[in-house]
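Undergrad: Pasting structure.csv here (CSV, C-alpha atoms):
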```csv
chain,number,residue,atom,x,y,z
C,483,MET,CA,95.4,103.5,109.4
C,484,ILE,CA,98.7,101.8,109.9
C,485,GLU,CA,99.2,98.1,110.8
C,486,ILE,CA,102.6,96.6,111.4
C,487,ARG,CA,103.3,92.9,111.1
C,488,ARG,CA,106.6,91.7,112.4
C,489,SER,CA,108.7,89.1,110.6
C,490,GLU,CA,108.3,86.4,113.4
C,491,GLU,CA,104.5,86.7,113.1
C,492,ARG,CA,104.5,85.2,109.6
C,493,GLY,CA,103.9,81.6,108.8
C,494,PHE,CA,106.9,79.4,108.5
C,495,ALA,CA,107.7,76.0,106.9
C,496,ASP,CA,111.0,74.1,107.0
C,497,HIS,CA,111.3,71.3,104.4
C,498,GLY,CA,115.1,70.9,104.9
C,499,TRP,CA,116.0,72.0,101.4
C,500,LEU,CA,113.5,74.9,101.5
C,501,ARG,CA,112.9,77.4,104.3
C,502,SER,CA,110.0,79.7,103.7
C,503,PHE,CA,108.2,82.5,105.5
C,504,HIS,CA,104.6,83.2,104.4
C,505,SER,CA,103.2,86.7,104.8
C,506,PHE,CA,99.8,85.4,103.8
C,507,SER,CA,98.0,82.1,104.1
C,508,PHE,CA,99.8,79.5,101.9
C,509,ALA,CA,99.9,75.7,101.7
C,510,ASP,CA,99.7,74.3,105.2
C,511,TYR,CA,99.7,77.7,106.9
C,512,TYR,CA,96.3,79.3,107.3
C,513,ASP,CA,95.5,82.5,109.2
C,514,PRO,CA,92.0,84.0,108.5
C,515,ARG,CA,93.4,87.4,109.5
C,516,HIS,CA,96.0,87.2,106.8
C,517,THR,CA,94.7,85.6,103.6
C,518,GLN,CA,95.4,88.6,101.3
C,519,PHE,CA,95.6,92.4,101.2
C,520,GLY,CA,93.7,94.0,98.4
C,521,ASN,CA,94.7,92.0,95.3
C,522,LEU,CA,98.0,91.0,96.8
C,523,ARG,CA,97.7,87.3,97.6
C,524,VAL,CA,101.2,85.9,98.4
C,525,ILE,CA,104.6,87.1,99.5
C,526,ASN,CA,106.8,84.1,100.3
C,527,GLU,CA,110.4,84.6,101.4
C,528,ASP,CA,112.3,81.5,100.4
C,529,TRP,CA,115.8,80.1,101.0
C,530,ILE,CA,116.5,77.2,98.5
C,531,ALA,CA,119.5,74.9,99.3
C,532,PRO,CA,122.2,74.4,96.8
C,533,GLY,CA,121.3,71.9,94.1
C,534,ARG,CA,117.6,71.9,95.0
C,535,GLY,CA,114.4,73.4,93.8
C,536,PHE,CA,110.8,73.1,92.7
C,537,GLY,CA,110.1,70.5,90.0
C,538,THR,CA,107.6,71.3,87.2
C,539,HIS,CA,104.3,72.4,88.6
C,540,PRO,CA,101.3,74.3,87.2
C,541,HIS,CA,99.7,77.6,87.9
C,542,ARG,CA,96.5,79.3,86.6
C,543,ASP,CA,95.0,82.8,86.8
C,544,MET,CA,97.7,84.5,88.8
C,545,GLU,CA,100.3,87.2,88.2
C,546,ILE,CA,103.6,85.8,89.7
C,547,VAL,CA,106.6,88.1,90.3
C,548,THR,CA,110.0,86.7,91.4
C,549,TYR,CA,112.5,89.0,93.1
C,550,VAL,CA,115.9,87.4,93.9
C,551,LEU,CA,117.9,88.8,96.8
C,552,GLU,CA,121.0,86.5,96.8
C,553,GLY,CA,122.2,83.6,94.6
C,554,ALA,CA,120.4,82.7,91.3
C,555,LEU,CA,117.3,80.9,90.3
C,556,ALA,CA,117.0,78.8,87.1
C,557,HIS,CA,113.6,79.0,85.5
C,558,LYS,CA,112.0,76.9,82.7
C,559,ASP,CA,108.4,76.9,81.6
C,560,SER,CA,105.9,75.4,79.2
C,561,LEU,CA,106.1,78.5,76.9
C,562,GLY,CA,109.7,77.6,76.1
C,563,ASN,CA,111.3,80.3,78.3
C,564,GLY,CA,114.5,79.4,80.2
C,565,ALA,CA,116.6,81.9,82.1
C,566,ALA,CA,118.6,82.6,85.2
C,567,ILE,CA,117.0,85.1,87.6
C,568,LEU,CA,119.7,87.1,89.4
C,569,PRO,CA,119.7,89.8,92.1
C,570,GLY,CA,118.3,93.0,90.5
C,571,ASP,CA,116.1,91.0,88.1
C,572,VAL,CA,112.3,91.2,88.2
C,573,GLN,CA,110.6,88.3,86.6
C,574,ARG,CA,106.9,88.3,85.8
C,575,MET,CA,104.9,85.2,84.8
C,576,SER,CA,101.3,85.5,83.9
C,577,ALA,CA,99.7,82.1,84.5
C,578,GLY,CA,96.4,82.9,82.8
C,579,THR,CA,94.8,79.8,81.2
C,580,GLY,CA,97.6,77.7,82.5
C,581,ILE,CA,101.4,77.4,82.6
C,582,ALA,CA,103.8,74.9,84.1
C,583,HIS,CA,107.3,75.8,85.3
C,584,SER,CA,110.3,74.6,87.3
C,585,GLU,CA,112.6,76.7,89.6
C,586,TYR,CA,116.0,75.4,90.7
C,587,ASN,CA,119.1,76.6,92.5
C,588,HIS,CA,121.8,75.0,90.4
C,589,SER,CA,124.7,76.3,92.5
C,590,GLN,CA,126.4,73.5,94.5
C,591,THR,CA,127.6,76.0,97.2
C,592,GLN,CA,125.3,79.0,97.5
C,593,THR,CA,121.8,79.2,98.9
C,594,THR,CA,119.3,81.2,96.8
C,595,HIS,CA,117.3,83.8,98.7
C,596,LEU,CA,114.2,85.2,97.0
C,597,LEU,CA,110.7,86.7,97.3
C,598,GLN,CA,107.9,85.2,95.3
C,599,ILE,CA,104.8,87.4,94.9
C,600,TRP,CA,101.4,86.6,93.7
C,601,ILE,CA,98.8,89.2,92.7
C,602,HIS,CA,95.3,88.5,91.5
C,603,PRO,CA,94.8,89.5,87.8
C,604,ASP,CA,92.1,91.8,86.6
C,605,GLU,CA,90.8,89.1,84.3
C,606,ARG,CA,90.8,85.4,84.4
C,607,ALA,CA,91.7,83.1,81.5
C,608,ILE,CA,94.1,85.5,79.8
C,609,MET,CA,97.0,84.2,77.6
C,610,PRO,CA,100.0,83.1,79.6
C,611,GLY,CA,103.1,85.3,79.3
C,612,TYR,CA,106.6,85.9,80.6
C,613,GLU,CA,108.9,88.9,81.1
C,614,GLN,CA,112.2,89.6,82.9
C,615,ARG,CA,114.1,92.8,83.3
C,616,GLN,CA,117.2,93.9,85.3
C,617,PHE,CA,117.0,97.0,87.5
C,618,SER,CA,120.4,98.3,88.7
C,619,ASP,CA,121.2,99.4,92.3
C,620,ASP,CA,121.7,102.9,91.0
C,621,GLU,CA,118.1,103.0,89.7
C,622,LYS,CA,116.8,102.1,93.2
C,623,ARG,CA,119.2,104.0,95.3
C,624,GLY,CA,117.4,106.5,97.6
C,625,ARG,CA,114.1,106.2,95.8
C,626,LEU,CA,111.2,104.0,95.0
C,627,ARG,CA,111.8,102.7,91.5
C,628,LEU,CA,108.7,101.3,89.6
C,629,VAL,CA,109.5,97.7,88.6
C,630,ALA,CA,106.1,96.2,87.8
C,631,SER,CA,102.9,97.9,86.6
C,632,PRO,CA,99.9,97.3,84.3
C,633,ASP,CA,101.1,99.8,81.7
C,634,GLY,CA,104.9,99.2,81.6
C,635,LEU,CA,105.6,102.8,82.7
C,636,GLU,CA,109.3,103.7,83.1
C,637,GLY,CA,110.4,100.4,81.7
C,638,SER,CA,108.7,98.3,84.4
C,639,VAL,CA,107.6,94.8,83.6
C,640,THR,CA,104.0,94.7,82.6
C,641,PHE,CA,101.3,92.5,84.2
C,642,SER,CA,97.5,92.2,84.0
C,643,ALA,CA,96.8,93.5,87.5
C,644,ASP,CA,95.6,96.8,89.1
C,645,ALA,CA,98.8,97.1,91.1
C,646,ARG,CA,102.2,98.8,91.0
C,647,ILE,CA,105.4,97.4,92.6
C,648,TYR,CA,108.3,99.7,93.6
C,649,ALA,CA,111.8,98.7,94.8
C,650,GLY,CA,114.2,100.9,96.7
C,651,LEU,CA,117.5,100.9,98.5
C,652,PHE,CA,118.1,103.2,101.5
C,653,ASP,CA,121.2,103.7,103.6
C,654,GLY,CA,122.3,106.6,105.9
C,655,ASP,CA,120.8,109.9,104.9
C,656,GLU,CA,118.9,108.6,101.8
C,657,ALA,CA,115.2,109.2,102.2
C,658,THR,CA,112.0,109.5,100.2
C,659,GLU,CA,108.4,110.3,100.5
C,660,ARG,CA,105.4,109.4,98.4
C,661,SER,CA,101.8,110.7,98.3
C,662,LEU,CA,99.3,107.9,98.5
C,663,GLU,CA,96.1,108.0,96.5
C,664,SER,CA,92.8,107.9,98.4
C,665,GLY,CA,90.9,104.7,97.7
C,666,ARG,CA,94.1,102.6,97.3
C,667,LEU,CA,95.9,100.3,99.6
C,668,GLY,CA,99.7,100.5,100.4
C,669,TYR,CA,101.8,97.6,101.6
C,670,LEU,CA,105.5,97.9,102.3
C,671,HIS,CA,107.8,94.9,102.9
C,672,ILE,CA,111.4,95.1,104.2
C,673,ALA,CA,113.4,92.6,102.2
C,674,ARG,CA,116.7,93.4,103.9
C,675,GLY,CA,118.2,95.7,106.5
C,676,GLN,CA,116.1,98.2,108.4
C,677,ALA,CA,114.5,101.6,108.0
C,678,TYR,CA,112.1,104.0,109.6
C,679,ILE,CA,108.7,103.8,107.7
C,680,ASN,CA,106.3,106.6,108.7
C,681,GLY,CA,108.2,106.9,111.9
C,682,PHE,CA,108.2,103.2,112.8
C,683,LEU,CA,111.4,101.2,112.8
C,684,LEU,CA,111.0,98.1,110.6
C,685,HIS,CA,113.5,95.3,110.2
C,686,ALA,CA,114.0,92.6,107.5
C,687,GLY,CA,110.8,90.5,107.1
C,688,ASP,CA,108.6,93.2,108.7
C,689,ALA,CA,105.7,94.7,106.8
C,690,MET,CA,103.4,97.7,107.0
C,691,LYS,CA,99.8,98.0,105.8
C,692,LEU,CA,98.6,101.5,104.9
C,693,VAL,CA,94.9,102.3,104.6
C,694,GLU,CA,93.8,105.9,103.8
C,695,GLU,CA,97.2,107.2,104.8
C,696,PRO,CA,98.1,110.3,102.8
C,697,LEU,CA,101.9,109.8,102.8
C,698,LEU,CA,104.6,107.2,102.9
C,699,THR,CA,108.0,108.2,104.2
C,700,ILE,CA,111.2,106.1,104.3
C,701,ARG,CA,114.3,107.4,106.1
C,702,ALA,CA,117.3,106.4,108.2
C,703,GLY,CA,117.9,103.1,106.5
C,704,ILE,CA,120.7,100.7,107.3
C,705,GLN,CA,121.4,98.7,104.2
C,706,ALA,CA,117.6,98.6,103.6
C,707,GLU,CA,116.0,97.0,100.6
C,708,VAL,CA,112.2,97.6,100.4
C,709,LEU,CA,109.3,96.7,98.2
C,710,PHE,CA,106.2,98.9,98.1
C,711,PHE,CA,102.9,97.8,96.6
C,712,ASP,CA,100.2,100.2,95.4
C,713,LEU,CA,97.1,98.0,95.4
C,714,SER,CA,93.4,98.0,94.5
C,715,ILE,CA,90.9,97.3,97.3
```
Output the file's structure as C-alpha cells, nothing else.
TA:
Amino acid sequence: MIEIRRSEERGFADHGWLRSFHSFSFADYYDPRHTQFGNLRVINEDWIAPGRGFGTHPHRDMEIVTYVLEGALAHKDSLGNGAAILPGDVQRMSAGTGIAHSEYNHSQTQTTHLLQIWIHPDERAIMPGYEQRQFSDDEKRGRLRLVASPDGLEGSVTFSADARIYAGLFDGDEATERSLESGRLGYLHIARGQAYINGFLLHAGDAMKLVEEPLLTIRAGIQAEVLFFDLSI
C-alpha cells in the first residue's frame, strides 16, 4: 500500500519569528489520522528568523534528530553540549530521563531552515545522550546514505530506537532502488526539490507512506534531497 500526503495537507503554524509545517499532530495542530506512523512521531519543518530561537525547554523519553537544510542552528543543553548544527550535520539527542536544551539562529541576516524529527525510543528512562556527525554531499549523491541507526552502522549516529534514517541527493539521471523488508514500514519525505518515488512525482514537503511494499525506487530528481525512514510497526 502506498499513501501520499502533499505538503499543503500538513499542519501549519506562523508565530512570526517561526514558521512551521507539522507532518504529524503537534502542539495546537491535531489530526487523528496523522498522529504518528509506526514509531515515527514528529517531522516538523521549521524556518527560524534571524536572531531568534527556542529558549531552554525540557524533553523526556524521545529520540530527537535535527537535520539542517539552510543556515545554522546553535544548540546548548543541560549535559554541557554546545555546538552549531550546519547543513549536512545530523544531530541526535536522546532525551531519556530528562534533558533541557535551547536552539537559536544567531545569524542576523539568514533564516535557518531545518527538519526536527522525533522517534519513540525502545525503552523509557534511559540515560540522556548527544551525538552529532557531518555527512558530505558526496556520500549522499545518487544513493540513500544511512545517517541514523540503533547500531551505528556505516558511521551513522546511534539512537535507542528500532528505526533507520537514510538521506539522499538525486538530480538528473541519478537513481536508486531499495528492497523493503516485510513487516516494516517505510516513510519517505522530500526535503527539497522533486523526484519520482515509486512512479509518483513528489515535491518539497510531500511524503509517502509504504506498507508491505517490496521495493522503493527514486529517479528523475531535480535538486532533490530526500529522507527515508525504515520503521517498526
Undergrad: Which polymer residues, protein or nucleic acid, are no farther than 6 Å from (104.7, 96.2, 108.2), counting all atoms listed in the file, as a list in words?
TA: Ile486, Arg487, Asp688, Ala689, Met690 and Lys691 of chain C
Undergrad: List every protein, DNA or RNA residue that has at least one atom no more than 7 Å from (112.0, 94.7, 99.2) in the file's coordinates, counting all atoms listed in the file, and write the result as a list in words.
TA: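 Residues found, by chain and rising number: Ala649, His671, Ile672, Ala673, Arg674, Glu707, Val708 and Leu709 of chain C.
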Undergrad: Between C:Phe641, C:Trp529, C:Tyr678, C:Phe652, which residue has the minimum interatomic distance to C:Asp604, considering all atoms listed in the file?
TA: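 Under the stated criterion, the closest residue is C:Phe641.
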Undergrad: Quote the spacing between atom CA of C:Leu626 and atom CA of C:His504 in Å to one decimal place.
TA: 23.8 Å
Undergrad: Near C:Met609, within 10 Å and counting only C-alpha atoms, which residues show up once chain neighbours fewer than 6 positions away are dropped, as a list of chain:residue names?
TA: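 My reading of the contact set: C:Asp543, C:Ser576, C:Ala577, C:Gly578, C:Thr579, C:Gly580, C:Ile581.
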Undergrad: Place N, CA and C atoms on stretch 515-545 of chain C and deliver the coordinates as a compact mmCIF listing (two decimals), in the coordinates of the input.
TA:
```
# COMPACT_ATOMS: atom_id res chain seq x y z
N ARG C 515 93.12 85.99 109.44
CA ARG C 515 93.40 87.40 109.50
C ARG C 515 94.35 87.84 108.39
N HIS C 516 95.02 86.88 107.76
CA HIS C 516 96.00 87.20 106.80
C HIS C 516 95.91 86.24 105.58
N THR C 517 94.87 86.45 104.79
CA THR C 517 94.70 85.60 103.60
C THR C 517 95.13 86.39 102.33
N GLN C 518 94.95 87.71 102.33
CA GLN C 518 95.40 88.60 101.30
C GLN C 518 95.25 90.00 101.72
N PHE C 519 95.76 90.95 100.94
CA PHE C 519 95.60 92.40 101.20
C PHE C 519 95.29 93.04 99.90
N GLY C 520 94.06 93.51 99.74
CA GLY C 520 93.70 94.00 98.40
C GLY C 520 93.80 92.82 97.44
N ASN C 521 94.45 93.09 96.31
CA ASN C 521 94.70 92.00 95.30
C ASN C 521 96.04 91.35 95.48
N LEU C 522 96.76 91.67 96.56
CA LEU C 522 98.00 91.00 96.80
C LEU C 522 97.75 89.71 97.60
N ARG C 523 98.10 88.59 97.01
CA ARG C 523 97.70 87.30 97.60
C ARG C 523 98.86 86.57 98.28
N VAL C 524 100.11 86.69 97.80
CA VAL C 524 101.20 85.90 98.40
C VAL C 524 102.49 86.77 98.38
N ILE C 525 103.21 86.74 99.50
CA ILE C 525 104.60 87.10 99.50
C ILE C 525 105.31 85.98 100.32
N ASN C 526 106.03 85.14 99.63
CA ASN C 526 106.80 84.10 100.30
C ASN C 526 108.29 84.44 100.20
N GLU C 527 108.94 84.40 101.34
CA GLU C 527 110.40 84.60 101.40
C GLU C 527 111.04 83.22 101.51
N ASP C 528 111.75 82.82 100.46
CA ASP C 528 112.30 81.50 100.40
C ASP C 528 113.81 81.46 100.39
N TRP C 529 114.36 80.43 101.06
CA TRP C 529 115.80 80.10 101.00
C TRP C 529 115.86 78.68 100.42
N ILE C 530 116.47 78.53 99.23
CA ILE C 530 116.50 77.20 98.50
C ILE C 530 117.97 76.72 98.62
N ALA C 531 118.13 75.53 99.13
CA ALA C 531 119.50 74.90 99.30
C ALA C 531 120.16 74.69 98.00
N PRO C 532 121.50 74.66 98.00
CA PRO C 532 122.20 74.40 96.80
C PRO C 532 121.78 73.07 96.14
N GLY C 533 121.63 73.10 94.81
CA GLY C 533 121.30 71.90 94.10
C GLY C 533 119.85 71.45 94.19
N ARG C 534 119.00 72.26 94.80
CA ARG C 534 117.60 71.90 95.00
C ARG C 534 116.66 72.88 94.37
N GLY C 535 115.36 72.53 94.36
CA GLY C 535 114.40 73.40 93.80
C GLY C 535 113.04 72.81 93.62
N PHE C 536 112.18 73.52 92.91
CA PHE C 536 110.80 73.10 92.70
C PHE C 536 110.73 72.43 91.30
N GLY C 537 110.26 71.18 91.26
CA GLY C 537 110.10 70.50 90.00
C GLY C 537 108.90 71.15 89.22
N THR C 538 108.67 70.68 88.02
CA THR C 538 107.60 71.30 87.20
C THR C 538 106.27 71.16 87.84
N HIS C 539 105.58 72.30 87.92
CA HIS C 539 104.30 72.40 88.60
C HIS C 539 103.44 73.44 87.87
N PRO C 540 102.11 73.33 87.92
CA PRO C 540 101.30 74.30 87.20
C PRO C 540 100.75 75.42 87.99
N HIS C 541 100.36 76.50 87.27
CA HIS C 541 99.70 77.60 87.90
C HIS C 541 98.58 78.08 86.88
N ARG C 542 97.54 78.72 87.42
CA ARG C 542 96.50 79.30 86.60
C ARG C 542 96.07 80.65 87.22
N ASP C 543 95.67 81.58 86.38
CA ASP C 543 95.00 82.80 86.80
C ASP C 543 95.66 83.52 87.97
N MET C 544 96.95 83.79 87.81
CA MET C 544 97.70 84.50 88.80
C MET C 544 98.84 85.27 88.12
N GLU C 545 99.13 86.49 88.59
CA GLU C 545 100.30 87.20 88.20
C GLU C 545 101.42 86.93 89.19
```
